[in-house]
file model.txt (compact mmCIF, C-alpha atoms)
# COMPACT_ATOMS: atom_id res chain seq x y z
CA VAL A 20 -0.81 28.12 -40.24
CA LEU A 21 -2.81 29.97 -42.85
CA ARG A 22 -0.52 32.54 -44.44
CA ALA A 23 -3.09 35.23 -45.06
CA VAL A 24 -5.36 37.55 -43.15
CA VAL A 25 -9.06 37.74 -43.94
CA ARG A 26 -10.34 41.32 -44.01
CA ARG A 27 -14.01 41.95 -43.46
CA GLY A 28 -15.96 40.98 -46.57
CA GLU A 29 -12.92 39.55 -48.36
CA ALA A 30 -12.17 35.95 -49.27
CA LEU A 31 -9.02 34.22 -48.04
CA LYS A 32 -6.96 33.41 -51.12
CA LEU A 33 -4.22 30.78 -50.79
CA ASP A 34 -1.40 30.29 -53.27
CA GLY A 35 -0.57 26.85 -54.55
CA ILE A 36 -3.78 25.11 -53.43
CA GLY A 37 -6.50 24.22 -55.93
CA TYR A 38 -10.04 22.90 -55.65
CA VAL A 39 -11.30 20.00 -57.73
CA GLY A 40 -15.05 20.29 -57.56
CA TRP A 41 -17.90 22.70 -58.18
CA ALA A 42 -18.58 26.03 -56.48
CA ASP A 43 -22.14 24.92 -55.66
CA ASP A 44 -21.32 21.47 -54.25
CA PRO A 45 -21.40 21.10 -50.43
CA VAL A 46 -17.64 21.50 -49.93
CA GLY A 47 -17.49 24.44 -52.32
CA LYS A 48 -20.39 26.13 -50.52
CA ALA A 49 -18.76 25.52 -47.13
CA LEU A 50 -15.49 27.09 -48.27
CA GLY A 51 -17.41 30.10 -49.56
CA THR A 52 -19.30 30.42 -46.29
CA MET A 53 -15.99 30.41 -44.44
CA GLY A 54 -14.45 33.01 -46.74
CA ILE A 55 -11.87 30.63 -48.22
CA GLU A 56 -11.33 31.00 -51.94
CA LEU A 57 -9.50 28.21 -53.76
CA PRO A 58 -9.12 28.37 -57.55
CA ARG A 59 -11.16 25.65 -59.23
CA LEU A 60 -9.15 23.50 -61.64
CA PRO A 61 -10.58 23.35 -65.17
CA ASP A 62 -8.74 20.11 -65.89
CA LEU A 63 -6.01 17.82 -64.57
CA GLY A 64 -3.56 18.35 -67.40
CA PRO A 65 0.18 18.61 -66.63
CA LYS A 66 0.27 22.37 -67.34
CA THR A 67 -2.61 22.96 -64.94
CA LEU A 68 -1.24 20.74 -62.17
CA ALA A 69 2.17 22.41 -62.44
CA ASN A 70 0.61 25.50 -60.83
CA TYR A 71 -0.27 23.68 -57.60
CA ARG A 72 1.44 21.85 -54.78
CA ALA A 73 -1.77 20.66 -53.10
CA LEU A 74 -5.39 19.94 -54.03
CA LEU A 75 -8.69 19.59 -52.21
CA VAL A 76 -11.04 17.19 -54.01
CA GLY A 77 -14.73 17.81 -53.29
CA SER A 78 -17.21 15.12 -52.31
CA GLU A 79 -19.00 15.26 -55.67
CA ALA A 80 -15.93 15.62 -57.90
CA HIS A 81 -15.90 12.06 -59.28
CA GLU A 82 -19.67 11.74 -59.35
CA LYS A 83 -20.20 14.98 -61.32
CA HIS A 84 -17.08 14.87 -63.51
CA ALA A 85 -15.20 17.86 -62.12
CA ALA A 86 -11.93 18.72 -63.96
CA GLY A 87 -12.18 15.63 -66.14
CA LEU A 88 -12.77 13.13 -63.34
CA PRO A 89 -13.15 10.23 -63.07
CA ALA A 90 -11.49 9.52 -66.42
CA ASN A 91 -8.29 11.28 -65.35
CA ALA A 92 -8.19 10.05 -61.75
CA LYS A 93 -4.73 8.54 -62.26
CA ARG A 94 -3.32 12.03 -62.79
CA LEU A 95 -4.16 12.85 -59.18
CA LEU A 96 -2.09 9.87 -58.02
CA ASP A 97 0.76 10.87 -60.33
CA PHE A 98 0.57 14.36 -58.81
CA VAL A 99 0.89 12.90 -55.30
CA HIS A 100 3.66 10.49 -56.26
CA ALA A 101 5.70 13.41 -57.60
CA GLY A 102 5.42 15.25 -54.28
CA GLY A 103 1.95 16.80 -54.21
CA ARG A 104 -0.56 16.61 -51.39
CA VAL A 105 -4.23 15.75 -51.98
CA ALA A 106 -7.15 15.76 -49.54
CA PHE A 107 -10.31 13.91 -50.55
CA ALA A 108 -13.62 14.94 -48.99
CA GLN A 109 -16.03 12.01 -48.67
CA ILE A 110 -15.53 9.34 -51.30
CA GLN A 111 -18.96 8.23 -52.53
CA ASP A 112 -19.41 4.47 -52.57
CA SER A 113 -21.71 4.64 -55.61
CA SER A 114 -18.98 6.04 -57.87
CA PHE A 115 -15.80 4.74 -56.21
CA LYS A 116 -13.20 2.68 -58.01
CA ALA A 117 -10.07 1.27 -56.39
CA SER A 118 -7.87 3.10 -58.91
CA TYR A 119 -8.85 6.46 -57.38
CA LEU A 120 -6.64 5.88 -54.32
CA PRO A 121 -3.06 4.62 -53.86
CA TYR A 122 -3.93 1.81 -51.42
CA PRO A 123 -7.02 -0.35 -50.91
CA LEU A 124 -10.04 0.87 -48.93
CA ILE A 125 -13.38 -0.91 -48.71
CA PHE A 126 -16.44 1.35 -48.64
CA SER A 127 -20.09 0.84 -47.78
CA ASN A 128 -23.10 3.04 -48.52
CA ASP A 129 -24.24 2.56 -44.92
CA LYS A 130 -24.55 5.82 -43.02
CA GLY A 131 -22.29 6.22 -39.99
CA ALA A 132 -20.73 8.76 -37.65
CA LEU A 133 -17.30 9.66 -36.37
CA GLY A 134 -16.55 8.27 -32.95
CA LYS A 135 -13.01 9.04 -31.78
CA ILE A 136 -9.99 11.06 -32.86
CA THR A 137 -7.14 8.55 -32.62
CA VAL A 138 -4.22 10.87 -33.42
CA PRO A 139 -5.05 14.14 -31.59
CA PRO A 140 -1.66 15.79 -32.33
CA HIS A 141 -2.19 15.60 -36.09
CA PRO A 142 -2.28 19.06 -37.73
CA ILE A 143 -5.85 18.67 -39.01
CA PHE A 144 -6.94 18.62 -35.35
CA THR A 145 -4.57 21.30 -34.04
CA THR A 146 -3.56 23.92 -36.60
CA PRO A 147 -4.59 26.69 -36.70
CA GLY A 148 -7.57 25.78 -34.46
CA LYS A 149 -7.91 23.08 -31.80
CA VAL A 150 -10.48 20.35 -32.53
CA ARG A 151 -11.07 18.27 -29.40
CA SER A 152 -14.06 16.18 -30.42
CA LEU A 153 -16.02 15.41 -33.58
CA THR A 154 -18.19 12.66 -32.08
CA GLY A 155 -21.35 12.22 -34.12
CA LEU A 156 -20.03 13.85 -37.30
CA VAL A 157 -22.08 12.21 -40.05
CA SER A 158 -20.64 9.99 -42.81
CA TYR A 159 -23.06 9.32 -45.66
CA ASP A 160 -20.81 6.48 -46.82
CA THR A 161 -18.43 4.63 -44.52
CA ILE A 162 -15.05 2.90 -44.64
CA VAL A 163 -15.35 -0.78 -43.74
CA ALA A 164 -11.65 -1.63 -43.83
CA ALA A 165 -8.31 -0.03 -44.74
CA ASP A 166 -5.02 -1.41 -46.03
CA PRO A 167 -2.21 -1.17 -43.43
CA ALA A 168 -0.55 1.50 -45.58
CA TRP A 169 -3.21 3.92 -44.35
CA ARG A 170 -2.66 5.67 -41.02
CA VAL A 171 -5.98 5.93 -39.17
CA LEU A 172 -6.44 9.42 -37.71
CA ALA A 173 -10.03 8.92 -36.53
CA THR A 174 -12.46 6.02 -36.21
CA ASP A 175 -16.23 5.82 -36.46
CA THR A 176 -18.63 4.69 -33.74
CA LYS A 177 -18.01 1.06 -34.76
CA GLY A 178 -14.23 1.43 -34.44
CA ARG A 179 -13.65 1.42 -38.20
CA PRO A 180 -11.45 3.93 -40.07
CA SER A 181 -13.11 7.31 -40.63
CA ILE A 182 -10.25 9.71 -41.44
CA VAL A 183 -7.08 8.23 -42.94
CA GLU A 184 -3.77 9.41 -44.35
CA ALA A 185 -1.02 7.74 -46.37
CA THR A 186 2.32 8.54 -47.94
CA PHE A 187 2.58 7.74 -51.63
CA GLY A 188 5.85 8.33 -53.43
CA LYS A 189 7.06 11.80 -52.42
CA GLY A 190 3.60 13.06 -51.50
CA SER A 191 0.65 12.25 -49.29
CA VAL A 192 -3.08 11.60 -49.42
CA LEU A 193 -5.66 12.51 -46.80
CA LEU A 194 -9.19 11.11 -46.89
CA VAL A 195 -11.85 12.68 -44.68
CA GLN A 196 -14.89 10.43 -45.00
CA PRO A 197 -17.25 12.35 -42.67
CA SER A 198 -18.89 15.54 -43.94
CA PRO A 199 -18.14 18.63 -41.81
CA ASP A 200 -19.17 20.80 -44.76
CA ARG A 201 -22.83 19.84 -44.26
CA TYR A 202 -22.82 21.42 -40.79
CA VAL A 203 -21.12 24.58 -42.03
CA ILE A 204 -23.83 25.15 -44.65
CA GLY A 205 -26.68 24.09 -42.36
CA GLN A 206 -27.67 20.80 -44.00
CA GLU A 207 -26.93 18.94 -40.77
CA SER A 208 -27.74 20.15 -37.26
CA SER A 209 -25.28 20.64 -34.41
CA GLN A 210 -25.51 18.25 -31.47
CA GLY A 211 -23.65 18.58 -28.18
CA ALA A 212 -19.96 19.39 -28.68
CA LEU A 213 -20.35 18.84 -32.43
CA THR A 214 -21.04 22.37 -33.65
CA ALA A 215 -20.81 24.18 -36.97
CA SER A 216 -17.88 26.07 -35.46
CA ALA A 217 -15.99 22.84 -34.72
CA CYS A 218 -16.66 21.65 -38.28
CA SER A 219 -15.42 24.98 -39.66
CA ARG A 220 -12.21 24.59 -37.65
CA LEU A 221 -11.68 21.11 -39.09
CA LEU A 222 -12.13 22.37 -42.65
CA ARG A 223 -9.84 25.32 -42.02
CA ASN A 224 -7.23 22.99 -40.53
CA ILE A 225 -7.45 20.73 -43.60
CA VAL A 226 -6.73 23.73 -45.84
CA ALA A 227 -3.81 24.69 -43.58
CA TYR A 228 -2.53 21.09 -43.78
CA LEU A 229 -2.59 21.35 -47.58
CA GLN A 230 -0.72 24.64 -47.46
CA ALA A 231 2.01 23.42 -45.11
CA GLU A 232 5.33 22.32 -46.52
CA GLN A 233 5.80 18.53 -46.54
call {"tool": "encode", "arguments": {"input": "model.txt", "output": "structure tokens"}}
result
Amino acid sequence: VLRAVVRRGEALKLDGIGYVGWADDPVGKALGTMGIELPRLPDLGPKTLANYRALLVGSEAHEKHAAGLPANAKRLLDFVHAGGRVAFAQIQDSSFKASYLPYPLIFSNDKGALGKITVPPHPIFTTPGKVRSLTGLVSYDTIVAADPAWRVLATDTKGRPSIVEATFGKGSVLLVQPSPDRYVIGQESSQGALTASACSRLLRNIVAYLQAEQ
């Protein structure tokens, strides 16, 4: 659970979790809208990473060179291997390289949508808020296939991986390919059970997952 209480007008500040991205990118804006404040990493140097046990990597981090990415992408994997936890928000096919992730994934720039949650008990769907359905959640780029080392937590409408997780060394990697942040900031419209509130719960659960002890 999130170990802090948000007072009216105050941001939720979480110790040990950093954000790799920009304050004005979609994920950064969504966090701000939700009142969650994560310190933005200036770089991925050893002294900087030593201050964190988990990182959230924004959807535009590699594309727009946040914290020295993509040149220093290997440092994120070293961080995970040593026991850290990293959550990636929407890998962009146009800038993706296989070296960014610990195990192979094949991406396409075809637009898709989340279909089914395949592991409902996973913390990103339960803690601190229950997420029952994300059907229709847009993916601007999609995962075509995943190495067996990845655990598939949700599939898209074609039955392909959409949200995946893997253990690497002493740590773990979570990849959320759909974009709940776009609903939180109003760039995508709610439809049926897929609401901005449900997307906010998913994002909040992802932050709680990063904060939890491994």
call {"tool": "closest_residue", "arguments": {"input": "model.txt", "among": "A:Leu124, A:Ala49, A:Ala173, A:Val39", "to": "Pro140 in chain A", "atoms": "only C-alpha atoms"}}
result
A:Ala173
call {"tool": "closest_residue", "arguments": {"input": "model.txt", "among": "A:Leu133, A:Leu222, A:Ala231, A:Ile36", "to": "Ser152 in chain A", "atoms": "all atoms listed in the file"}}
result
A:Leu133
call {"tool": "closest_residue", "arguments": {"input": "model.txt", "among": "A:Pro121, A:Gly134, A:Gly205, A:Gly148", "to": "Gly190 in chain A", "atoms": "all atoms listed in the file"}}
result
A:Pro121
call {"tool": "closest_residue", "arguments": {"input": "model.txt", "among": "A:Ser118, A:Ser181, A:Thr146, A:Ser191", "to": "Val99 in chain A", "atoms": "all atoms listed in the file"}}
result
A:Ser191
call {"tool": "atom_distance", "arguments": {"input": "model.txt", "atom1": "CA of Pro123 in chain A", "atom2": "CA of Thr154 in chain A"}}
result
25.5 Å
call {"tool": "closest_residue", "arguments": {"input": "model.txt", "among": "A:Gly155, A:Gly102, A:Pro197, A:Gly77", "to": "Ser209 in chain A", "atoms": "all atoms listed in the file"}}
result
A:Gly155
call {"tool": "atom_distance", "arguments": {"input": "model.txt", "atom1": "CA of Arg170 in chain A", "atom2": "CA of Gly131 in chain A"}}
result
19.7 Å
call {"tool": "atom_distance", "arguments": {"input": "model.txt", "atom1": "CA of Thr174 in chain A", "atom2": "CA of Lys135 in chain A"}}
result
5.4 Å
call {"tool": "residues_around", "arguments": {"input": "model.txt", "residues": "Lys149 in chain A", "least_positions_apart": "4", "cutoff": "9 Å", "atoms": "all atoms listed in the file", "output": "JSON, numbers by chain"}}
result
{"A": [143, 144, 145, 217, 220, 221, 224]}
call {"tool": "write_last_selection", "arguments": {"input": "model.txt", "atoms": "C-alpha atoms", "output": "tab-separated table (two decimals), keeping the file's coordinate frame"}}
result
chain	number	residue	atom	x	y	z
A	143	ILE	CA	-5.85	18.67	-39.01
A	144	PHE	CA	-6.94	18.62	-35.35
A	145	THR	CA	-4.57	21.30	-34.04
A	217	ALA	CA	-15.99	22.84	-34.72
A	220	ARG	CA	-12.21	24.59	-37.65
A	221	LEU	CA	-11.68	21.11	-39.09
A	224	ASN	CA	-7.23	22.99	-40.53
call {"tool": "residues_near_point", "arguments": {"input": "model.txt", "point": "(-21.4, 22.7, -37.8)", "cutoff": "8 Å", "atoms": "only C-alpha atoms", "output": "list in words"}}
result
Pro199, Asp200, Arg201, Tyr202, Val203, Ile204, Gly205, Glu207, Ser208, Ser209, Leu213, Thr214, Ala215, Ser216, Ala217, Cys218 and Ser219 of chain A
call {"tool": "write_last_selection", "arguments": {"input": "model.txt", "atoms": "C-alpha atoms", "output": "compact mmCIF listing (two decimals), in the frame of the given file"}}
result
# COMPACT_ATOMS: atom_id res chain seq x y z
CA PRO A 199 -18.14 18.63 -41.81
CA ASP A 200 -19.17 20.80 -44.76
CA ARG A 201 -22.83 19.84 -44.26
CA TYR A 202 -22.82 21.42 -40.79
CA VAL A 203 -21.12 24.58 -42.03
CA ILE A 204 -23.83 25.15 -44.65
CA GLY A 205 -26.68 24.09 -42.36
CA GLU A 207 -26.93 18.94 -40.77
CA SER A 208 -27.74 20.15 -37.26
CA SER A 209 -25.28 20.64 -34.41
CA LEU A 213 -20.35 18.84 -32.43
CA THR A 214 -21.04 22.37 -33.65
CA ALA A 215 -20.81 24.18 -36.97
CA SER A 216 -17.88 26.07 -35.46
CA ALA A 217 -15.99 22.84 -34.72
CA CYS A 218 -16.66 21.65 -38.28
CA SER A 219 -15.42 24.98 -39.66
call {"tool": "closest_residue", "arguments": {"input": "model.txt", "among": "A:Thr67, A:Thr186, A:Thr52, A:Gln230", "to": "Tyr122 in chain A", "atoms": "only C-alpha atoms"}}
result
A:Thr186
call {"tool": "build_atoms", "arguments": {"input": "model.txt", "residues": "range 83-96 of chain A", "atoms": "N, CA, C and O atoms", "output": "compact mmCIF listing (two decimals), in the coordinates of the input"}}
result
# COMPACT_ATOMS: atom_id res chain seq x y z
N LYS A 83 -19.71 13.96 -60.38
CA LYS A 83 -20.20 14.98 -61.32
C LYS A 83 -19.14 15.47 -62.29
O LYS A 83 -19.25 16.54 -62.86
N HIS A 84 -18.08 14.67 -62.45
CA HIS A 84 -17.08 14.87 -63.51
C HIS A 84 -16.37 16.22 -63.44
O HIS A 84 -16.16 16.88 -64.47
N ALA A 85 -15.95 16.62 -62.27
CA ALA A 85 -15.20 17.86 -62.12
C ALA A 85 -13.78 17.69 -62.68
O ALA A 85 -13.13 16.67 -62.46
N ALA A 86 -13.31 18.67 -63.43
CA ALA A 86 -11.93 18.72 -63.96
C ALA A 86 -11.53 17.47 -64.73
O ALA A 86 -10.36 17.10 -64.75
N GLY A 87 -12.49 16.81 -65.35
CA GLY A 87 -12.18 15.63 -66.14
C GLY A 87 -12.18 14.32 -65.36
O GLY A 87 -11.82 13.27 -65.91
N LEU A 88 -12.59 14.37 -64.09
CA LEU A 88 -12.77 13.13 -63.34
C LEU A 88 -14.06 12.45 -63.78
O LEU A 88 -14.96 13.11 -64.28
N PRO A 89 -14.17 11.14 -63.62
CA PRO A 89 -13.15 10.23 -63.07
C PRO A 89 -12.16 9.70 -64.09
O PRO A 89 -11.24 8.98 -63.74
N ALA A 90 -12.34 10.09 -65.37
CA ALA A 90 -11.49 9.52 -66.42
C ALA A 90 -10.00 9.77 -66.17
O ALA A 90 -9.16 8.93 -66.49
N ASN A 91 -9.69 10.92 -65.56
CA ASN A 91 -8.29 11.28 -65.35
C ASN A 91 -7.86 11.14 -63.89
O ASN A 91 -6.95 11.84 -63.43
N ALA A 92 -8.49 10.23 -63.16
CA ALA A 92 -8.19 10.05 -61.75
C ALA A 92 -6.73 9.69 -61.51
O ALA A 92 -6.14 10.08 -60.49
N LYS A 93 -6.13 8.95 -62.43
CA LYS A 93 -4.73 8.54 -62.26
C LYS A 93 -3.80 9.74 -62.19
O LYS A 93 -2.73 9.68 -61.55
N ARG A 94 -4.19 10.85 -62.81
CA ARG A 94 -3.32 12.03 -62.79
C ARG A 94 -3.21 12.61 -61.38
O ARG A 94 -2.19 13.21 -61.03
N LEU A 95 -4.24 12.41 -60.57
CA LEU A 95 -4.16 12.85 -59.18
C LEU A 95 -3.11 12.03 -58.43
O LEU A 95 -2.33 12.57 -57.63
N LEU A 96 -3.08 10.72 -58.67
CA LEU A 96 -2.09 9.87 -58.02
C LEU A 96 -0.68 10.17 -58.52
O LEU A 96 0.28 10.17 -57.73
